[in-house]
file work_29.tsv (TSV, C-alpha atoms)
chain	number	residue	atom	x	y	z
A	1283	GLN	CA	-85.07	-19.66	-25.80
A	1284	VAL	CA	-86.94	-16.36	-25.68
A	1285	GLN	CA	-88.15	-14.85	-22.43
A	1286	LEU	CA	-90.77	-12.12	-22.21
A	1287	VAL	CA	-91.20	-10.20	-18.97
A	1288	GLU	CA	-94.09	-7.78	-18.49
A	1289	SER	CA	-94.12	-4.90	-16.02
A	1290	GLY	CA	-96.10	-1.78	-15.24
A	1291	GLY	CA	-99.41	-3.21	-14.09
A	1292	GLY	CA	-101.18	-1.99	-10.99
A	1293	LEU	CA	-104.28	-0.42	-9.52
A	1294	VAL	CA	-105.61	2.74	-11.14
A	1295	GLN	CA	-108.81	4.73	-10.88
A	1296	THR	CA	-111.29	4.77	-13.71
A	1297	GLY	CA	-110.11	7.29	-16.28
A	1298	GLY	CA	-106.48	6.90	-15.31
A	1299	SER	CA	-103.49	5.72	-17.31
A	1300	LEU	CA	-100.87	3.01	-17.14
A	1301	ARG	CA	-97.95	2.06	-19.35
A	1302	LEU	CA	-97.07	-1.60	-19.67
A	1303	SER	CA	-93.67	-2.77	-20.82
A	1304	CYS	CA	-92.56	-6.14	-22.14
A	1305	ALA	CA	-88.84	-6.82	-22.22
A	1306	ALA	CA	-87.64	-9.62	-24.48
A	1307	SER	CA	-84.46	-11.62	-24.37
A	1308	GLY	CA	-82.67	-12.77	-27.50
A	1309	ARG	CA	-81.19	-11.18	-30.59
A	1310	THR	CA	-84.07	-11.61	-32.98
A	1311	PHE	CA	-86.71	-9.45	-31.31
A	1312	SER	CA	-86.82	-6.99	-34.20
A	1313	SER	CA	-87.76	-9.72	-36.71
A	1314	TYR	CA	-91.11	-10.55	-35.12
A	1315	ALA	CA	-94.49	-8.96	-34.68
A	1316	MET	CA	-95.56	-8.62	-31.07
A	1317	GLY	CA	-98.92	-8.52	-29.41
A	1318	TRP	CA	-100.71	-7.77	-26.18
A	1319	PHE	CA	-103.53	-9.99	-24.98
A	1320	ARG	CA	-105.59	-9.91	-21.80
A	1321	GLN	CA	-107.66	-12.26	-19.72
A	1322	ALA	CA	-110.30	-11.01	-17.33
A	1323	PRO	CA	-111.58	-13.16	-14.44
A	1324	GLY	CA	-113.90	-15.86	-15.75
A	1325	LYS	CA	-113.32	-14.93	-19.38
A	1326	GLU	CA	-111.24	-16.23	-22.24
A	1327	ARG	CA	-108.01	-14.55	-23.24
A	1328	GLU	CA	-108.54	-11.92	-25.92
A	1329	PHE	CA	-106.43	-9.92	-28.35
A	1330	VAL	CA	-105.78	-6.29	-27.39
A	1331	ALA	CA	-103.18	-4.85	-29.76
A	1332	GLY	CA	-100.47	-5.89	-32.17
A	1333	ILE	CA	-97.48	-4.25	-33.82
A	1334	SER	CA	-95.52	-5.29	-36.89
A	1335	TRP	CA	-91.88	-6.32	-36.78
A	1336	HIS	CA	-90.78	-2.88	-38.04
A	1337	GLY	CA	-93.26	-0.96	-35.92
A	1338	PHE	CA	-94.96	0.77	-38.86
A	1339	THR	CA	-98.30	-1.00	-38.63
A	1340	THR	CA	-100.53	-1.61	-35.63
A	1341	TYR	CA	-103.91	-3.19	-35.03
A	1342	TYR	CA	-106.28	-2.78	-32.09
A	1343	ALA	CA	-109.32	-4.50	-30.73
A	1344	ASP	CA	-112.39	-2.31	-31.11
A	1345	SER	CA	-112.77	-2.17	-27.33
A	1346	VAL	CA	-109.46	-0.32	-26.87
A	1347	LYS	CA	-109.16	1.63	-30.12
A	1348	GLY	CA	-108.50	5.31	-29.44
A	1349	ARG	CA	-107.51	4.66	-25.82
A	1350	PHE	CA	-104.55	2.28	-26.04
A	1351	THR	CA	-101.34	2.67	-28.05
A	1352	ILE	CA	-98.85	-0.08	-28.78
A	1353	SER	CA	-95.26	0.77	-29.65
A	1354	ARG	CA	-91.87	-0.87	-29.73
A	1355	ASP	CA	-88.22	0.01	-29.33
A	1356	ASN	CA	-86.18	-2.59	-31.17
A	1357	ALA	CA	-82.92	-1.19	-29.80
A	1358	LYS	CA	-84.18	-1.99	-26.29
A	1359	ASN	CA	-85.96	-5.24	-27.19
A	1360	THR	CA	-89.11	-3.82	-25.61
A	1361	VAL	CA	-92.74	-3.43	-26.58
A	1362	TYR	CA	-95.07	-1.05	-24.77
A	1363	LEU	CA	-98.77	-0.60	-24.24
A	1364	GLN	CA	-99.89	2.87	-23.23
A	1365	MET	CA	-103.36	2.63	-21.73
A	1366	ASN	CA	-105.41	5.80	-21.24
A	1367	SER	CA	-108.99	6.41	-20.10
A	1368	LEU	CA	-109.05	3.08	-18.34
A	1369	LYS	CA	-112.42	1.52	-17.57
A	1370	PRO	CA	-113.39	-1.16	-15.05
A	1371	GLU	CA	-113.87	-3.57	-17.97
A	1372	ASP	CA	-110.16	-3.21	-18.79
A	1373	THR	CA	-109.35	-5.06	-15.57
A	1374	ALA	CA	-107.42	-8.19	-16.53
A	1375	VAL	CA	-104.07	-9.89	-16.58
A	1376	TYR	CA	-102.19	-8.52	-19.58
A	1377	TYR	CA	-99.79	-10.73	-21.51
A	1378	CYS	CA	-97.31	-9.92	-24.23
A	1379	ALA	CA	-96.52	-12.51	-26.84
A	1380	ARG	CA	-94.38	-13.02	-29.92
A	1381	GLU	CA	-95.79	-14.10	-33.25
A	1382	ARG	CA	-94.39	-17.42	-34.42
A	1383	ALA	CA	-93.65	-16.39	-38.02
A	1384	LYS	CA	-91.06	-13.77	-38.85
A	1385	TRP	CA	-91.79	-10.44	-40.54
A	1386	GLY	CA	-95.43	-10.19	-39.49
A	1387	VAL	CA	-97.17	-6.97	-40.54
A	1388	VAL	CA	-100.31	-7.24	-38.34
A	1389	VAL	CA	-103.12	-6.14	-40.63
A	1390	THR	CA	-105.66	-8.33	-38.82
A	1391	PRO	CA	-106.10	-9.23	-35.13
A	1392	LEU	CA	-103.38	-11.56	-33.89
A	1393	ASN	CA	-104.54	-15.07	-33.06
A	1394	GLU	CA	-103.19	-16.49	-29.81
A	1395	TYR	CA	-102.54	-19.81	-31.58
A	1396	ASP	CA	-100.09	-18.02	-33.88
A	1397	MET	CA	-97.99	-16.80	-30.94
A	1398	ASP	CA	-95.07	-18.93	-29.76
A	1399	TYR	CA	-93.68	-17.17	-26.68
A	1400	TRP	CA	-95.64	-15.62	-23.83
A	1401	GLY	CA	-94.84	-13.64	-20.75
A	1402	LYS	CA	-96.29	-14.51	-17.35
A	1403	GLY	CA	-98.57	-11.49	-17.34
A	1404	THR	CA	-99.10	-8.36	-15.30
A	1405	LEU	CA	-102.34	-7.49	-13.50
A	1406	VAL	CA	-104.16	-4.27	-14.34
A	1407	THR	CA	-107.05	-3.23	-12.13
A	1408	ALA	CA	-109.16	-0.22	-13.02
A	1409	SER	CA	-111.43	0.60	-10.13
A	1410	SER	CA	-114.26	3.06	-9.89

call {"tool": "encode", "arguments": {"input": "work_29.tsv", "output": "structure tokens"}}
result
Amino acid sequence: QVQLVESGGGLVQTGGSLRLSCAASGRTFSSYAMGWFRQAPGKEREFVAGISWHGFTTYYADSVKGRFTISRDNAKNTVYLQMNSLKPEDTAVYYCARERAKWGVVVTPLNEYDMDYWGKGTLVTASS
């Protein structure tokens, strides 16, 4: 069983920064692509960013491109999301998830139906 635990959410002013972390249990973390998704109040969950199993390729939603950076440290079983220039529309619960298939390279947006393990989420609020 894999467990994913997000941390780092909070309240930040518009234009501020936050760094989310997602710690994974298990020995096979480095074999899987990982992704960040978010769900704003009253909206469907959406893809934010993804990173390949080896960390060499990344993909971002257009809404966060140039502001957010996804990275991973396979030695620490952790994936990160650095969020800069936050906007009120970034307010959401952020989830990390693991792609079901091994060796994913993330050259297209990750589909939530292709993810098999999810964290419980961390709330990010960007207030003006």

call {"tool": "closest_residue", "arguments": {"input": "work_29.tsv", "among": "A:Ser1353, A:Tyr1377, A:Asp1372, A:Trp1400", "to": "Leu1293 (chain A)", "atoms": "all atoms listed in the file"}}
result
A:Asp1372

call {"tool": "residues_around", "arguments": {"input": "work_29.tsv", "residues": "Val1294 (chain A)", "least_positions_apart": "4", "cutoff": "7 Å", "atoms": "all atoms listed in the file", "output": "tab-separated table (two decimals) with C-alpha atoms, in the frame of the given file"}}
result
chain	number	residue	atom	x	y	z
A	1298	GLY	CA	-106.48	6.90	-15.31
A	1407	THR	CA	-107.05	-3.23	-12.13
A	1408	ALA	CA	-109.16	-0.22	-13.02
A	1409	SER	CA	-111.43	0.60	-10.13

call {"tool": "residues_around", "arguments": {"input": "work_29.tsv", "residues": "Arg1349 (chain A)", "least_positions_apart": "3", "cutoff": "9 Å", "atoms": "only C-alpha atoms", "output": "PyMOL selection string"}}
result
chain A and resi 1345-1346+1364-1368

call {"tool": "residues_around", "arguments": {"input": "work_29.tsv", "residues": "Glu1394 (chain A)", "least_positions_apart": "2", "cutoff": "10 Å", "atoms": "all atoms listed in the file", "output": "number ranges by chain"}}
result
A: 1317-1319, 1327-1329, 1379-1382, 1391-1392, 1396-1398, 1400

call {"tool": "write_last_selection", "arguments": {"input": "work_29.tsv", "atoms": "C-alpha atoms", "output": "short mmCIF file (atom, residue, chain, number, x, y, z; two decimals), in the coordinates of the input"}}
result
data_model
loop_
_atom_site.label_atom_id
_atom_site.label_comp_id
_atom_site.auth_asym_id
_atom_site.auth_seq_id
_atom_site.Cartn_x
_atom_site.Cartn_y
_atom_site.Cartn_z
CA GLY A 1317 -98.92 -8.52 -29.41
CA TRP A 1318 -100.71 -7.77 -26.18
CA PHE A 1319 -103.53 -9.99 -24.98
CA ARG A 1327 -108.01 -14.55 -23.24
CA GLU A 1328 -108.54 -11.92 -25.92
CA PHE A 1329 -106.43 -9.92 -28.35
CA ALA A 1379 -96.52 -12.51 -26.84
CA ARG A 1380 -94.38 -13.02 -29.92
CA GLU A 1381 -95.79 -14.10 -33.25
CA ARG A 1382 -94.39 -17.42 -34.42
CA PRO A 1391 -106.10 -9.23 -35.13
CA LEU A 1392 -103.38 -11.56 -33.89
CA ASP A 1396 -100.09 -18.02 -33.88
CA MET A 1397 -97.99 -16.80 -30.94
CA ASP A 1398 -95.07 -18.93 -29.76
CA TRP A 1400 -95.64 -15.62 -23.83
#

call {"tool": "residues_around", "arguments": {"input": "work_29.tsv", "residues": "Cys1378 (chain A)", "least_positions_apart": "6", "cutoff": "12 Å", "atoms": "all atoms listed in the file", "output": "ChimeraX atom specification"}}
result
/A:1285-1289,1302-1306,1315-1321,1327-1333,1352,1354,1360-1363,1392,1394,1397-1404

call {"tool": "atom_distance", "arguments": {"input": "work_29.tsv", "atom1": "CA of Tyr1342 (chain A)", "atom2": "CA of Thr1390 (chain A)"}}
result
8.7 Å

call {"tool": "closest_residue", "arguments": {"input": "work_29.tsv", "among": "A:Asn1359, A:Ser1410, A:Val1388, A:Val1375", "to": "Gly1291 (chain A)", "atoms": "all atoms listed in the file"}}
result
A:Val1375

call {"tool": "closest_residue", "arguments": {"input": "work_29.tsv", "among": "A:Phe1338, A:Ala1343, A:Ser1312, A:Ala1322", "to": "Asn1393 (chain A)", "atoms": "only C-alpha atoms"}}
result
A:Ala1343

call {"tool": "atom_distance", "arguments": {"input": "work_29.tsv", "atom1": "CA of Leu1300 (chain A)", "atom2": "CA of Thr1351 (chain A)"}}
result
10.9 Å

call {"tool": "atom_distance", "arguments": {"input": "work_29.tsv", "atom1": "CA of Glu1371 (chain A)", "atom2": "CA of Tyr1395 (chain A)"}}
result
24.0 Å

call {"tool": "residues_around", "arguments": {"input": "work_29.tsv", "residues": "Ser1313 (chain A)", "least_positions_apart": "2", "cutoff": "7 Å", "atoms": "all atoms listed in the file", "output": "ChimeraX atom specification"}}
result
/A:1310-1311,1335,1384-1385

call {"tool": "closest_residue", "arguments": {"input": "work_29.tsv", "among": "A:Glu1326, A:Lys1369, A:Ala1374, A:Ser1307", "to": "Ala1357 (chain A)", "atoms": "only C-alpha atoms"}}
result
A:Ser1307

call {"tool": "closest_residue", "arguments": {"input": "work_29.tsv", "among": "A:Lys1358, A:Gly1386, A:Gln1295, A:Phe1350", "to": "Gly1337 (chain A)", "atoms": "only C-alpha atoms"}}
result
A:Gly1386

call {"tool": "closest_residue", "arguments": {"input": "work_29.tsv", "among": "A:Gln1283, A:His1336, A:Gly1292, A:Pro1323", "to": "Val1387 (chain A)", "atoms": "all atoms listed in the file"}}
result
A:His1336

call {"tool": "decode", "arguments": {"input": "work_29.tsv", "residues": "region 1341-1390 of chain A", "atoms": "N, CA and C atoms", "output": "short mmCIF file (atom, residue, chain, number, x, y, z; two decimals), in the first residue's frame"}}
result
data_model
loop_
_atom_site.label_atom_id
_atom_site.label_comp_id
_atom_site.auth_asym_id
_atom_site.auth_seq_id
_atom_site.Cartn_x
_atom_site.Cartn_y
_atom_site.Cartn_z
N TYR A 1341 5.34 18.67 -17.18
CA TYR A 1341 4.25 19.23 -17.99
C TYR A 1341 3.39 20.06 -17.06
N TYR A 1342 2.93 21.20 -17.56
CA TYR A 1342 2.14 22.13 -16.74
C TYR A 1342 0.85 22.51 -17.43
N ALA A 1343 -0.16 22.75 -16.62
CA ALA A 1343 -1.37 23.37 -17.15
C ALA A 1343 -1.03 24.79 -17.57
N ASP A 1344 -1.70 25.27 -18.61
CA ASP A 1344 -1.43 26.61 -19.12
C ASP A 1344 -1.62 27.67 -18.03
N SER A 1345 -2.55 27.44 -17.13
CA SER A 1345 -2.88 28.43 -16.11
C SER A 1345 -1.75 28.64 -15.10
N VAL A 1346 -0.81 27.70 -15.00
CA VAL A 1346 0.26 27.83 -14.00
C VAL A 1346 1.65 27.89 -14.64
N LYS A 1347 1.70 27.72 -15.95
CA LYS A 1347 2.99 27.69 -16.63
C LYS A 1347 3.75 29.00 -16.40
N GLY A 1348 5.02 28.88 -16.04
CA GLY A 1348 5.84 30.06 -15.77
C GLY A 1348 5.77 30.53 -14.33
N ARG A 1349 4.81 30.03 -13.57
CA ARG A 1349 4.68 30.43 -12.16
C ARG A 1349 4.95 29.27 -11.20
N PHE A 1350 4.58 28.07 -11.60
CA PHE A 1350 4.75 26.88 -10.75
C PHE A 1350 5.87 26.01 -11.31
N THR A 1351 6.56 25.32 -10.39
CA THR A 1351 7.61 24.38 -10.78
C THR A 1351 7.46 23.09 -9.99
N ILE A 1352 7.37 21.98 -10.70
CA ILE A 1352 7.31 20.68 -10.06
C ILE A 1352 8.70 20.06 -10.08
N SER A 1353 9.05 19.38 -9.01
CA SER A 1353 10.33 18.70 -8.93
C SER A 1353 10.17 17.49 -8.03
N ARG A 1354 11.20 16.64 -8.03
CA ARG A 1354 11.15 15.46 -7.19
C ARG A 1354 12.54 15.12 -6.68
N ASP A 1355 12.57 14.47 -5.52
CA ASP A 1355 13.79 13.96 -4.94
C ASP A 1355 13.54 12.49 -4.66
N ASN A 1356 14.01 11.63 -5.54
CA ASN A 1356 13.72 10.20 -5.40
C ASN A 1356 14.41 9.60 -4.18
N ALA A 1357 15.49 10.19 -3.75
CA ALA A 1357 16.17 9.69 -2.54
C ALA A 1357 15.33 9.93 -1.29
N LYS A 1358 14.49 10.95 -1.35
CA LYS A 1358 13.63 11.29 -0.21
C LYS A 1358 12.18 10.88 -0.43
N ASN A 1359 11.90 10.24 -1.56
CA ASN A 1359 10.52 9.83 -1.87
C ASN A 1359 9.55 11.01 -1.79
N THR A 1360 9.96 12.14 -2.33
CA THR A 1360 9.16 13.36 -2.19
C THR A 1360 9.07 14.10 -3.52
N VAL A 1361 7.89 14.61 -3.78
CA VAL A 1361 7.67 15.49 -4.93
C VAL A 1361 7.24 16.85 -4.40
N TYR A 1362 7.66 17.88 -5.10
CA TYR A 1362 7.42 19.26 -4.65
C TYR A 1362 6.65 20.05 -5.70
N LEU A 1363 6.00 21.09 -5.23
CA LEU A 1363 5.39 22.06 -6.14
C LEU A 1363 5.70 23.45 -5.60
N GLN A 1364 6.61 24.14 -6.28
CA GLN A 1364 6.92 25.52 -5.92
C GLN A 1364 5.95 26.43 -6.65
N MET A 1365 5.23 27.23 -5.90
CA MET A 1365 4.20 28.09 -6.47
C MET A 1365 4.57 29.54 -6.21
N ASN A 1366 4.80 30.28 -7.26
CA ASN A 1366 5.14 31.70 -7.17
C ASN A 1366 4.05 32.56 -7.81
N SER A 1367 4.06 33.83 -7.51
CA SER A 1367 3.10 34.78 -8.09
C SER A 1367 1.67 34.26 -7.97
N LEU A 1368 1.32 33.83 -6.78
CA LEU A 1368 0.00 33.24 -6.58
C LEU A 1368 -1.11 34.25 -6.79
N LYS A 1369 -2.20 33.75 -7.36
CA LYS A 1369 -3.37 34.56 -7.67
C LYS A 1369 -4.56 34.02 -6.89
N PRO A 1370 -5.59 34.83 -6.69
CA PRO A 1370 -6.78 34.33 -6.00
C PRO A 1370 -7.37 33.08 -6.67
N GLU A 1371 -7.27 33.00 -7.98
CA GLU A 1371 -7.81 31.84 -8.70
C GLU A 1371 -7.00 30.57 -8.49
N ASP A 1372 -5.85 30.66 -7.82
CA ASP A 1372 -5.09 29.47 -7.46
C ASP A 1372 -5.61 28.83 -6.16
N THR A 1373 -6.53 29.51 -5.50
CA THR A 1373 -7.09 28.97 -4.26
C THR A 1373 -7.80 27.66 -4.53
N ALA A 1374 -7.38 26.62 -3.80
CA ALA A 1374 -7.91 25.27 -4.02
C ALA A 1374 -7.29 24.32 -3.02
N VAL A 1375 -7.85 23.13 -2.96
CA VAL A 1375 -7.19 22.02 -2.28
C VAL A 1375 -6.28 21.35 -3.31
N TYR A 1376 -5.02 21.20 -2.96
CA TYR A 1376 -4.03 20.61 -3.86
C TYR A 1376 -3.74 19.17 -3.44
N TYR A 1377 -3.78 18.29 -4.44
CA TYR A 1377 -3.57 16.87 -4.22
C TYR A 1377 -2.36 16.39 -5.01
N CYS A 1378 -1.58 15.52 -4.43
CA CYS A 1378 -0.59 14.82 -5.24
C CYS A 1378 -1.10 13.41 -5.50
N ALA A 1379 -0.63 12.85 -6.59
CA ALA A 1379 -1.11 11.54 -7.00
C ALA A 1379 -0.01 10.82 -7.78
N ARG A 1380 -0.10 9.49 -7.78
CA ARG A 1380 0.85 8.66 -8.49
C ARG A 1380 0.20 8.07 -9.73
N GLU A 1381 0.92 8.09 -10.84
CA GLU A 1381 0.39 7.49 -12.05
C GLU A 1381 0.38 5.97 -11.92
N ARG A 1382 -0.65 5.34 -12.42
CA ARG A 1382 -0.81 3.90 -12.26
C ARG A 1382 0.30 3.11 -12.95
N ALA A 1383 0.63 3.48 -14.19
CA ALA A 1383 1.64 2.73 -14.96
C ALA A 1383 3.04 3.20 -14.58
N LYS A 1384 3.97 2.27 -14.61
CA LYS A 1384 5.36 2.59 -14.34
C LYS A 1384 6.01 3.33 -15.51
N TRP A 1385 7.08 4.04 -15.21
CA TRP A 1385 7.96 4.64 -16.21
C TRP A 1385 7.28 5.72 -17.06
N GLY A 1386 6.31 6.42 -16.48
CA GLY A 1386 5.64 7.47 -17.23
C GLY A 1386 6.56 8.65 -17.50
N VAL A 1387 6.46 9.24 -18.69
CA VAL A 1387 7.35 10.33 -19.08
C VAL A 1387 6.64 11.69 -19.14
N VAL A 1388 5.33 11.73 -18.99
CA VAL A 1388 4.55 12.96 -18.85
C VAL A 1388 4.83 13.95 -19.99
N VAL A 1389 4.40 13.61 -21.17
CA VAL A 1389 4.51 14.53 -22.29
C VAL A 1389 3.16 15.14 -22.66
N THR A 1390 2.13 14.75 -21.92
CA THR A 1390 0.79 15.32 -22.06
C THR A 1390 0.24 15.52 -20.65
#
